[in-house]
Amino acid sequence: MSILDNRPELAREVEQVAEVAGYLWQKGWAERNGGNITVNVTQHIDDAIRAMPAISEPRPIGFTLPNLKGCYFFCKGTNKRMRDLARWPMDNASFIRILDDCAHYEIIADKPVAPTSELPSHLAVHNYLIGKGSNYKASVHTHPIELVAMSHCKKYLEKDVATRLLWSMIPETKAFCPRGLGIIPYQLPSSNELAESTIKELGDYDVTLWEKHGVFAVDTDVMAAFDQIDVLNKSAQIYICAKNMGFEPDGMSDEQMREMTVAFNLPK
């Protein structure tokens with residue numbers, strides 16, 4: 001028996017995660033076990049699931065996260081590959097339940113697959129999202145090649161320099177990523193400091209670029225989070241392609257950008 005049996009909405013969440021995991025691998029953004037996905041699935045949890053016994057011992061989160069009391073998440077497993085998550089999602093991820101102390105979790109299904117080592121960071125972000133009343137349910141971390149390459153150049157790490165450049169490469173970028181790209185200077189992967197910096201940037205951005213590491217995005221579901229990363233990286237590809245052709249691309253003018261903002265009713 002699977003927790004997904006006769007639960008089409010929950011199954012659909014897992015199917016979306018598997019689909020996005022496949023895209024991340026196909027794009028070359030998920031080498032080996034690189035990247036993570038965590039989805040808040042609490043809205044699909046019924047009484048039968050709440051009564052399910054744990055299949056792991058309680059495990060510490062590393063934080064006390066009061067907004068997550070009673071929440072359930074679907075999480076990619078630690079040391080699991082995205083390409084395997086795409087093919088066999090229930091063998092490479094698990095459902096977890098946050099305990100009432102808001103400082104521990106336990107695995108409830110289908111297999112005792114230990115969640116990603118970056119789980120504390122992801123859960124801290126979800127705690128923040130719930131606290132601000134956001135309807136965002138999904139977080140995605142991956143390694144988009146062109147955006148990571150740009151993060152090795154100091155000028156693109158200045159506030160909103162990369163945002164302005166990427167918005168100017170193709171009109172759809174500002175339309176579909178209207179909050180732009182937050183920048184986080186290099187910090188140790190999986191560290192509390194990186195989690196805290198990410199949460200701070202998510203006050204103003206839906207997508208953050210971790211210097212020399214990757215991208216972290218949040219949105220209403222895992223596909224929407226992926227879409228924002230995909231659009232931003234497409235702009236980075238256009239910019240790098242133009243540079244490789246031997247010229248600095250003009251980009252959209254300030255007037256063209258203002259016209260886009262008004263036409264699509266975007267944030268200024």
# chains A, B, ... in the order shown; residues from 1 in each chain; ligands from 1
call {"tool": "residues_around", "arguments": {"residues": "A:Ala162", "least_positions_apart": "5", "cutoff": "8 Å", "atoms": "only C-alpha atoms", "output": "VMD selection string"}}
result
chain A and resid 156 to 157 181
call {"tool": "write_last_selection", "arguments": {"atoms": "all heavy atoms", "output": "PDB file, in the first residue's frame"}}
result
ATOM      1  N   TYR A 156      28.006  41.262 -11.206  1.00  0.00           N
ATOM      2  CA  TYR A 156      26.644  40.744 -11.232  1.00  0.00           C
ATOM      3  C   TYR A 156      26.121  40.444  -9.831  1.00  0.00           C
ATOM      4  O   TYR A 156      24.936  40.117  -9.665  1.00  0.00           O
ATOM      5  CB  TYR A 156      26.569  39.477 -12.081  1.00  0.00           C
ATOM      6  CG  TYR A 156      26.963  39.699 -13.524  1.00  0.00           C
ATOM      7  CD1 TYR A 156      27.921  38.894 -14.129  1.00  0.00           C
ATOM      8  CD2 TYR A 156      26.392  40.724 -14.268  1.00  0.00           C
ATOM      9  CE1 TYR A 156      28.298  39.103 -15.442  1.00  0.00           C
ATOM     10  CE2 TYR A 156      26.768  40.948 -15.574  1.00  0.00           C
ATOM     11  CZ  TYR A 156      27.722  40.128 -16.163  1.00  0.00           C
ATOM     12  OH  TYR A 156      28.096  40.347 -17.465  1.00  0.00           O
ATOM     13  N   LEU A 157      26.988  40.537  -8.832  1.00  0.00           N
ATOM     14  CA  LEU A 157      26.570  40.273  -7.457  1.00  0.00           C
ATOM     15  C   LEU A 157      26.145  41.542  -6.732  1.00  0.00           C
ATOM     16  O   LEU A 157      25.720  41.487  -5.584  1.00  0.00           O
ATOM     17  CB  LEU A 157      27.707  39.587  -6.689  1.00  0.00           C
ATOM     18  CG  LEU A 157      28.150  38.230  -7.253  1.00  0.00           C
ATOM     19  CD1 LEU A 157      29.293  37.658  -6.426  1.00  0.00           C
ATOM     20  CD2 LEU A 157      26.986  37.246  -7.310  1.00  0.00           C
ATOM     21  N   LEU A 181      15.813  38.840  -9.178  1.00  0.00           N
ATOM     22  CA  LEU A 181      16.745  37.831  -8.655  1.00  0.00           C
ATOM     23  C   LEU A 181      17.517  38.401  -7.474  1.00  0.00           C
ATOM     24  O   LEU A 181      18.304  39.336  -7.621  1.00  0.00           O
ATOM     25  CB  LEU A 181      17.722  37.418  -9.766  1.00  0.00           C
ATOM     26  CG  LEU A 181      18.741  36.334  -9.434  1.00  0.00           C
ATOM     27  CD1 LEU A 181      18.054  34.999  -9.165  1.00  0.00           C
ATOM     28  CD2 LEU A 181      19.751  36.192 -10.576  1.00  0.00           C
TER      29      LEU A 181
END
call {"tool": "select_by_dssp", "arguments": {"residues": "stretch 60-178 of chain A", "states": "strand (DSSP E or B)", "output": "JSON, numbers by chain"}}
result
{"A": [60, 72, 73, 74, 75, 76, 77, 93, 94, 95, 96, 97, 98, 104, 105, 106, 107, 108, 109, 115, 138, 139, 140, 141, 142]}
call {"tool": "residues_around", "arguments": {"residues": "A:Asp84", "least_positions_apart": "2", "cutoff": "10 Å", "atoms": "only C-alpha atoms", "output": "ChimeraX atom specification"}}
result
/A:18,21-22,25,33,80-82,86-93
call {"tool": "write_last_selection", "arguments": {"atoms": "all heavy atoms", "output": "compact mmCIF listing (two decimals), in the first residue's frame"}}
result
# COMPACT_ATOMS: atom_id res chain seq x y z
N ALA A 18 8.20 14.77 -9.62
CA ALA A 18 8.94 13.87 -10.51
C ALA A 18 9.17 14.53 -11.88
O ALA A 18 10.26 14.41 -12.45
CB ALA A 18 8.17 12.56 -10.67
N ALA A 21 11.84 17.18 -11.47
CA ALA A 21 13.14 16.53 -11.26
C ALA A 21 13.73 16.07 -12.59
O ALA A 21 14.94 16.20 -12.83
CB ALA A 21 12.98 15.34 -10.31
N GLY A 22 12.88 15.57 -13.48
CA GLY A 22 13.33 15.17 -14.80
C GLY A 22 13.85 16.33 -15.61
O GLY A 22 14.90 16.24 -16.28
N TRP A 25 17.31 17.41 -14.38
CA TRP A 25 18.36 16.51 -14.85
C TRP A 25 18.64 16.72 -16.34
O TRP A 25 19.80 16.82 -16.77
CB TRP A 25 17.95 15.06 -14.59
CG TRP A 25 18.77 14.07 -15.37
CD1 TRP A 25 18.34 13.27 -16.40
CD2 TRP A 25 20.16 13.77 -15.21
NE1 TRP A 25 19.37 12.52 -16.89
CE2 TRP A 25 20.51 12.80 -16.18
CE3 TRP A 25 21.15 14.24 -14.35
CZ2 TRP A 25 21.79 12.29 -16.29
CZ3 TRP A 25 22.44 13.73 -14.48
CH2 TRP A 25 22.74 12.76 -15.44
N ASN A 33 23.82 13.98 -7.02
CA ASN A 33 22.66 14.17 -6.14
C ASN A 33 22.36 15.65 -5.92
O ASN A 33 21.72 16.03 -4.94
CB ASN A 33 22.91 13.50 -4.78
CG ASN A 33 24.07 14.10 -4.02
OD1 ASN A 33 25.10 14.40 -4.61
ND2 ASN A 33 23.93 14.27 -2.71
N LYS A 80 20.11 11.29 -2.95
CA LYS A 80 19.31 10.74 -4.04
C LYS A 80 19.47 11.61 -5.28
O LYS A 80 19.58 12.83 -5.19
CB LYS A 80 17.83 10.65 -3.64
CG LYS A 80 17.56 9.78 -2.42
CD LYS A 80 17.94 8.33 -2.65
CE LYS A 80 17.54 7.46 -1.47
NZ LYS A 80 17.93 6.05 -1.66
N ARG A 81 19.45 10.99 -6.43
CA ARG A 81 19.65 11.70 -7.69
C ARG A 81 18.31 12.18 -8.25
O ARG A 81 17.31 11.47 -8.18
CB ARG A 81 20.34 10.79 -8.71
CG ARG A 81 21.75 10.39 -8.32
CD ARG A 81 22.29 9.32 -9.24
NE ARG A 81 23.71 9.04 -8.98
CZ ARG A 81 24.14 8.23 -8.02
NH1 ARG A 81 23.25 7.59 -7.24
NH2 ARG A 81 25.43 8.04 -7.85
N MET A 82 18.35 13.38 -8.86
CA MET A 82 17.13 13.91 -9.48
C MET A 82 16.64 12.98 -10.59
O MET A 82 15.44 12.80 -10.77
CB MET A 82 17.39 15.31 -10.06
CG MET A 82 17.43 16.42 -9.03
SD MET A 82 15.81 16.76 -8.29
CE MET A 82 16.27 18.10 -7.19
N ALA A 86 12.91 11.41 -10.67
CA ALA A 86 12.00 11.55 -11.81
C ALA A 86 11.35 10.22 -12.18
O ALA A 86 10.17 10.17 -12.54
CB ALA A 86 12.75 12.11 -13.01
N ARG A 87 12.11 9.13 -12.08
CA ARG A 87 11.60 7.82 -12.50
C ARG A 87 10.88 7.09 -11.37
O ARG A 87 9.86 6.43 -11.60
CB ARG A 87 12.76 6.97 -13.02
CG ARG A 87 13.40 7.50 -14.29
CD ARG A 87 14.53 6.61 -14.77
NE ARG A 87 15.68 6.66 -13.84
CZ ARG A 87 16.77 5.92 -13.99
NH1 ARG A 87 16.84 5.06 -14.99
NH2 ARG A 87 17.78 6.04 -13.14
N TRP A 88 11.42 7.19 -10.17
CA TRP A 88 10.89 6.43 -9.04
C TRP A 88 10.74 7.37 -7.84
O TRP A 88 11.51 7.27 -6.87
CB TRP A 88 11.83 5.27 -8.69
CG TRP A 88 12.17 4.41 -9.86
CD1 TRP A 88 11.31 3.64 -10.60
CD2 TRP A 88 13.47 4.20 -10.42
NE1 TRP A 88 11.99 2.98 -11.59
CE2 TRP A 88 13.32 3.30 -11.51
CE3 TRP A 88 14.75 4.68 -10.12
CZ2 TRP A 88 14.40 2.88 -12.29
CZ3 TRP A 88 15.83 4.26 -10.88
CH2 TRP A 88 15.65 3.38 -11.95
N PRO A 89 9.77 8.26 -7.89
CA PRO A 89 9.69 9.30 -6.84
C PRO A 89 9.52 8.75 -5.43
O PRO A 89 10.11 9.28 -4.49
CB PRO A 89 8.48 10.14 -7.27
CG PRO A 89 7.71 9.29 -8.22
CD PRO A 89 8.73 8.45 -8.91
N MET A 90 8.75 7.67 -5.26
CA MET A 90 8.50 7.17 -3.92
C MET A 90 9.65 6.34 -3.36
O MET A 90 9.66 5.98 -2.18
CB MET A 90 7.20 6.38 -3.88
CG MET A 90 5.97 7.23 -4.21
SD MET A 90 5.81 8.70 -3.16
CE MET A 90 5.45 7.94 -1.58
N ASP A 91 10.63 6.04 -4.21
CA ASP A 91 11.85 5.37 -3.73
C ASP A 91 12.96 6.36 -3.41
O ASP A 91 13.98 5.97 -2.82
CB ASP A 91 12.38 4.39 -4.79
CG ASP A 91 11.46 3.19 -4.98
OD1 ASP A 91 10.79 2.80 -4.01
OD2 ASP A 91 11.42 2.67 -6.12
N ASN A 92 12.77 7.60 -3.80
CA ASN A 92 13.83 8.59 -3.67
C ASN A 92 13.39 9.85 -2.93
O ASN A 92 14.06 10.89 -2.98
CB ASN A 92 14.35 8.96 -5.06
CG ASN A 92 15.06 7.80 -5.72
OD1 ASN A 92 16.22 7.56 -5.47
ND2 ASN A 92 14.33 7.06 -6.55
N ALA A 93 12.27 9.75 -2.27
CA ALA A 93 11.73 10.86 -1.48
C ALA A 93 10.81 10.28 -0.41
O ALA A 93 10.53 9.07 -0.41
CB ALA A 93 10.96 11.83 -2.37
call {"tool": "atom_distance", "arguments": {"atom1": "atom CA of A:Ile145", "atom2": "atom CA of A:Gln228"}}
result
14.8 Å
call {"tool": "closest_residue", "arguments": {"among": "A:Thr64, A:Thr173, A:Gln16, A:Ser94", "to": "A:Ile107", "atoms": "only C-alpha atoms"}}
result
A:Ser94
call {"tool": "closest_residue", "arguments": {"among": "A:Asn79, A:Ser253, A:Asn127, A:Arg12", "to": "A:Glu31", "atoms": "only C-alpha atoms"}}
result
A:Asn79
call {"tool": "atom_distance", "arguments": {"atom1": "atom CA of A:Tyr72", "atom2": "atom CA of A:Asn192"}}
result
21.7 Å
call {"tool": "residues_around", "arguments": {"residues": "A:Met223", "least_positions_apart": "3", "cutoff": "7 Å", "atoms": "only C-alpha atoms", "output": "ChimeraX atom specification"}}
result
/A:16,20,226-227
call {"tool": "write_last_selection", "arguments": {"atoms": "N, CA and C atoms", "output": "PDB file, in the first residue's frame"}}
result
ATOM      1  N   GLN A  16       4.148  15.975 -10.079  1.00  0.00           N
ATOM      2  CA  GLN A  16       4.766  17.249 -10.469  1.00  0.00           C
ATOM      3  C   GLN A  16       6.221  17.310 -10.028  1.00  0.00           C
ATOM      4  N   VAL A  20       9.354  17.779 -12.602  1.00  0.00           N
ATOM      5  CA  VAL A  20      10.359  18.839 -12.468  1.00  0.00           C
ATOM      6  C   VAL A  20      11.747  18.236 -12.258  1.00  0.00           C
ATOM      7  N   PHE A 226       9.996  26.111 -10.644  1.00  0.00           N
ATOM      8  CA  PHE A 226      10.892  25.737 -11.744  1.00  0.00           C
ATOM      9  C   PHE A 226      10.800  26.739 -12.890  1.00  0.00           C
ATOM     10  N   ASP A 227       9.585  27.147 -13.239  1.00  0.00           N
ATOM     11  CA  ASP A 227       9.395  28.069 -14.358  1.00  0.00           C
ATOM     12  C   ASP A 227      10.179  29.363 -14.154  1.00  0.00           C
TER      13      ASP A 227
END
call {"tool": "select_by_dssp", "arguments": {"residues": "stretch 68-144 of chain A", "states": "helix (DSSP H, G or I)", "output": "VMD selection string"}}
result
chain A and resid 68 82 to 87 89 to 91 119 to 131
call {"tool": "write_last_selection", "arguments": {"atoms": "N, CA, C and O atoms", "output": "PDB file, in the first residue's frame"}}
result
ATOM      1  N   LEU A  68       5.163  25.595  11.654  1.00  0.00           N
ATOM      2  CA  LEU A  68       5.059  24.310  10.962  1.00  0.00           C
ATOM      3  C   LEU A  68       4.335  23.239  11.781  1.00  0.00           C
ATOM      4  O   LEU A  68       4.229  22.092  11.329  1.00  0.00           O
ATOM      5  N   MET A  82      18.348  13.383  -8.858  1.00  0.00           N
ATOM      6  CA  MET A  82      17.132  13.908  -9.480  1.00  0.00           C
ATOM      7  C   MET A  82      16.640  12.984 -10.592  1.00  0.00           C
ATOM      8  O   MET A  82      15.440  12.801 -10.769  1.00  0.00           O
ATOM      9  N   ARG A  83      17.559  12.397 -11.342  1.00  0.00           N
ATOM     10  CA  ARG A  83      17.126  11.524 -12.429  1.00  0.00           C
ATOM     11  C   ARG A  83      16.403  10.291 -11.889  1.00  0.00           C
ATOM     12  O   ARG A  83      15.514   9.754 -12.553  1.00  0.00           O
ATOM     13  N   ASP A  84      16.764   9.850 -10.682  1.00  0.00           N
ATOM     14  CA  ASP A  84      16.052   8.727 -10.076  1.00  0.00           C
ATOM     15  C   ASP A  84      14.735   9.179  -9.454  1.00  0.00           C
ATOM     16  O   ASP A  84      13.745   8.450  -9.493  1.00  0.00           O
ATOM     17  N   LEU A  85      14.736  10.388  -8.889  1.00  0.00           N
ATOM     18  CA  LEU A  85      13.492  10.945  -8.363  1.00  0.00           C
ATOM     19  C   LEU A  85      12.456  11.080  -9.475  1.00  0.00           C
ATOM     20  O   LEU A  85      11.261  10.869  -9.263  1.00  0.00           O
ATOM     21  N   ALA A  86      12.915  11.408 -10.674  1.00  0.00           N
ATOM     22  CA  ALA A  86      12.001  11.548 -11.808  1.00  0.00           C
ATOM     23  C   ALA A  86      11.347  10.220 -12.178  1.00  0.00           C
ATOM     24  O   ALA A  86      10.173  10.169 -12.543  1.00  0.00           O
ATOM     25  N   ARG A  87      12.109   9.127 -12.075  1.00  0.00           N
ATOM     26  CA  ARG A  87      11.596   7.816 -12.495  1.00  0.00           C
ATOM     27  C   ARG A  87      10.880   7.087 -11.366  1.00  0.00           C
ATOM     28  O   ARG A  87       9.860   6.426 -11.602  1.00  0.00           O
ATOM     29  N   PRO A  89       9.768   8.264  -7.887  1.00  0.00           N
ATOM     30  CA  PRO A  89       9.687   9.297  -6.839  1.00  0.00           C
ATOM     31  C   PRO A  89       9.521   8.747  -5.428  1.00  0.00           C
ATOM     32  O   PRO A  89      10.106   9.281  -4.488  1.00  0.00           O
ATOM     33  N   MET A  90       8.753   7.668  -5.264  1.00  0.00           N
ATOM     34  CA  MET A  90       8.497   7.172  -3.918  1.00  0.00           C
ATOM     35  C   MET A  90       9.653   6.339  -3.361  1.00  0.00           C
ATOM     36  O   MET A  90       9.658   5.983  -2.184  1.00  0.00           O
ATOM     37  N   ASP A  91      10.635   6.040  -4.205  1.00  0.00           N
ATOM     38  CA  ASP A  91      11.847   5.367  -3.734  1.00  0.00           C
ATOM     39  C   ASP A  91      12.956   6.359  -3.405  1.00  0.00           C
ATOM     40  O   ASP A  91      13.981   5.971  -2.821  1.00  0.00           O
ATOM     41  N   LEU A 119      17.301  19.946   4.508  1.00  0.00           N
ATOM     42  CA  LEU A 119      15.935  20.052   5.022  1.00  0.00           C
ATOM     43  C   LEU A 119      15.766  21.198   6.015  1.00  0.00           C
ATOM     44  O   LEU A 119      14.773  21.931   5.927  1.00  0.00           O
ATOM     45  N   PRO A 120      16.660  21.399   6.982  1.00  0.00           N
ATOM     46  CA  PRO A 120      16.462  22.511   7.916  1.00  0.00           C
ATOM     47  C   PRO A 120      16.311  23.856   7.215  1.00  0.00           C
ATOM     48  O   PRO A 120      15.455  24.667   7.605  1.00  0.00           O
ATOM     49  N   SER A 121      17.112  24.084   6.180  1.00  0.00           N
ATOM     50  CA  SER A 121      17.017  25.339   5.430  1.00  0.00           C
ATOM     51  C   SER A 121      15.673  25.458   4.736  1.00  0.00           C
ATOM     52  O   SER A 121      15.017  26.508   4.779  1.00  0.00           O
ATOM     53  N   HIS A 122      15.256  24.372   4.077  1.00  0.00           N
ATOM     54  CA  HIS A 122      13.976  24.394   3.377  1.00  0.00           C
ATOM     55  C   HIS A 122      12.830  24.614   4.350  1.00  0.00           C
ATOM     56  O   HIS A 122      11.915  25.404   4.096  1.00  0.00           O
ATOM     57  N   LEU A 123      12.842  23.905   5.472  1.00  0.00           N
ATOM     58  CA  LEU A 123      11.756  24.047   6.442  1.00  0.00           C
ATOM     59  C   LEU A 123      11.743  25.440   7.063  1.00  0.00           C
ATOM     60  O   LEU A 123      10.666  25.997   7.330  1.00  0.00           O
ATOM     61  N   ALA A 124      12.912  26.009   7.283  1.00  0.00           N
ATOM     62  CA  ALA A 124      12.958  27.375   7.815  1.00  0.00           C
ATOM     63  C   ALA A 124      12.316  28.353   6.834  1.00  0.00           C
ATOM     64  O   ALA A 124      11.616  29.290   7.240  1.00  0.00           O
ATOM     65  N   VAL A 125      12.535  28.135   5.549  1.00  0.00           N
ATOM     66  CA  VAL A 125      11.894  28.980   4.536  1.00  0.00           C
ATOM     67  C   VAL A 125      10.382  28.797   4.571  1.00  0.00           C
ATOM     68  O   VAL A 125       9.618  29.779   4.537  1.00  0.00           O
ATOM     69  N   HIS A 126       9.919  27.560   4.650  1.00  0.00           N
ATOM     70  CA  HIS A 126       8.468  27.325   4.695  1.00  0.00           C
ATOM     71  C   HIS A 126       7.853  27.919   5.961  1.00  0.00           C
ATOM     72  O   HIS A 126       6.717  28.433   5.935  1.00  0.00           O
ATOM     73  N   ASN A 127       8.566  27.866   7.061  1.00  0.00           N
ATOM     74  CA  ASN A 127       8.096  28.488   8.297  1.00  0.00           C
ATOM     75  C   ASN A 127       7.919  29.993   8.092  1.00  0.00           C
ATOM     76  O   ASN A 127       6.916  30.587   8.526  1.00  0.00           O
ATOM     77  N   TYR A 128       8.885  30.599   7.402  1.00  0.00           N
ATOM     78  CA  TYR A 128       8.804  32.029   7.086  1.00  0.00           C
ATOM     79  C   TYR A 128       7.615  32.327   6.173  1.00  0.00           C
ATOM     80  O   TYR A 128       6.867  33.284   6.401  1.00  0.00           O
ATOM     81  N   LEU A 129       7.427  31.500   5.137  1.00  0.00           N
ATOM     82  CA  LEU A 129       6.336  31.732   4.184  1.00  0.00           C
ATOM     83  C   LEU A 129       4.978  31.670   4.874  1.00  0.00           C
ATOM     84  O   LEU A 129       4.101  32.513   4.637  1.00  0.00           O
ATOM     85  N   ILE A 130       4.786  30.669   5.721  1.00  0.00           N
ATOM     86  CA  ILE A 130       3.522  30.551   6.445  1.00  0.00           C
ATOM     87  C   ILE A 130       3.328  31.751   7.367  1.00  0.00           C
ATOM     88  O   ILE A 130       2.233  32.324   7.465  1.00  0.00           O
ATOM     89  N   GLY A 131       4.411  32.168   8.028  1.00  0.00           N
ATOM     90  CA  GLY A 131       4.326  33.292   8.958  1.00  0.00           C
ATOM     91  C   GLY A 131       3.907  34.585   8.292  1.00  0.00           C
ATOM     92  O   GLY A 131       3.244  35.422   8.925  1.00  0.00           O
TER      93      GLY A 131
END
call {"tool": "residues_around", "arguments": {"residues": "A:His152", "least_positions_apart": "4", "cutoff": "10 Å", "atoms": "only C-alpha atoms", "output": "ChimeraX atom specification"}}
result
/A:147-148,156-157,211-213
call {"tool": "write_last_selection", "arguments": {"atoms": "N, CA and C atoms", "output": "PDB file, in the first residue's frame"}}
result
ATOM      1  N   LEU A 147      23.423  30.812 -14.860  1.00  0.00           N
ATOM      2  CA  LEU A 147      23.285  31.706 -13.709  1.00  0.00           C
ATOM      3  C   LEU A 147      24.426  31.516 -12.722  1.00  0.00           C
ATOM      4  N   VAL A 148      24.824  30.273 -12.489  1.00  0.00           N
ATOM      5  CA  VAL A 148      25.961  30.036 -11.601  1.00  0.00           C
ATOM      6  C   VAL A 148      27.230  30.643 -12.197  1.00  0.00           C
ATOM      7  N   TYR A 156      28.006  41.262 -11.206  1.00  0.00           N
ATOM      8  CA  TYR A 156      26.644  40.744 -11.232  1.00  0.00           C
ATOM      9  C   TYR A 156      26.121  40.444  -9.831  1.00  0.00           C
ATOM     10  N   LEU A 157      26.988  40.537  -8.832  1.00  0.00           N
ATOM     11  CA  LEU A 157      26.570  40.273  -7.457  1.00  0.00           C
ATOM     12  C   LEU A 157      26.145  41.542  -6.732  1.00  0.00           C
ATOM     13  N   GLU A 211      25.880  32.643  -4.585  1.00  0.00           N
ATOM     14  CA  GLU A 211      27.157  32.824  -5.281  1.00  0.00           C
ATOM     15  C   GLU A 211      27.941  31.516  -5.364  1.00  0.00           C
ATOM     16  N   LYS A 212      28.401  31.202  -6.577  1.00  0.00           N
ATOM     17  CA  LYS A 212      29.237  30.029  -6.862  1.00  0.00           C
ATOM     18  C   LYS A 212      28.576  28.712  -6.457  1.00  0.00           C
ATOM     19  N   HIS A 213      27.260  28.679  -6.378  1.00  0.00           N
ATOM     20  CA  HIS A 213      26.589  27.469  -5.895  1.00  0.00           C
ATOM     21  C   HIS A 213      25.352  27.134  -6.720  1.00  0.00           C
TER      22      HIS A 213
END
call {"tool": "residues_around", "arguments": {"residues": "A:Ala217", "least_positions_apart": "6", "cutoff": "12 Å", "atoms": "only C-alpha atoms", "output": "MDAnalysis selection string"}}
result
chainID A and resid 35:39 122 125:126 136:144 177 179:183 198:199 201:202 205:210 223:230 232
call {"tool": "residues_around", "arguments": {"residues": "A:Pro8", "least_positions_apart": "5", "cutoff": "10 Å", "atoms": "only C-alpha atoms", "output": "list of chain:residue names"}}
result
A:Glu13, A:Val14, A:His44
call {"tool": "atom_distance", "arguments": {"atom1": "atom CA of A:Ala103", "atom2": "atom CA of A:Ser134"}}
result
21.5 Å
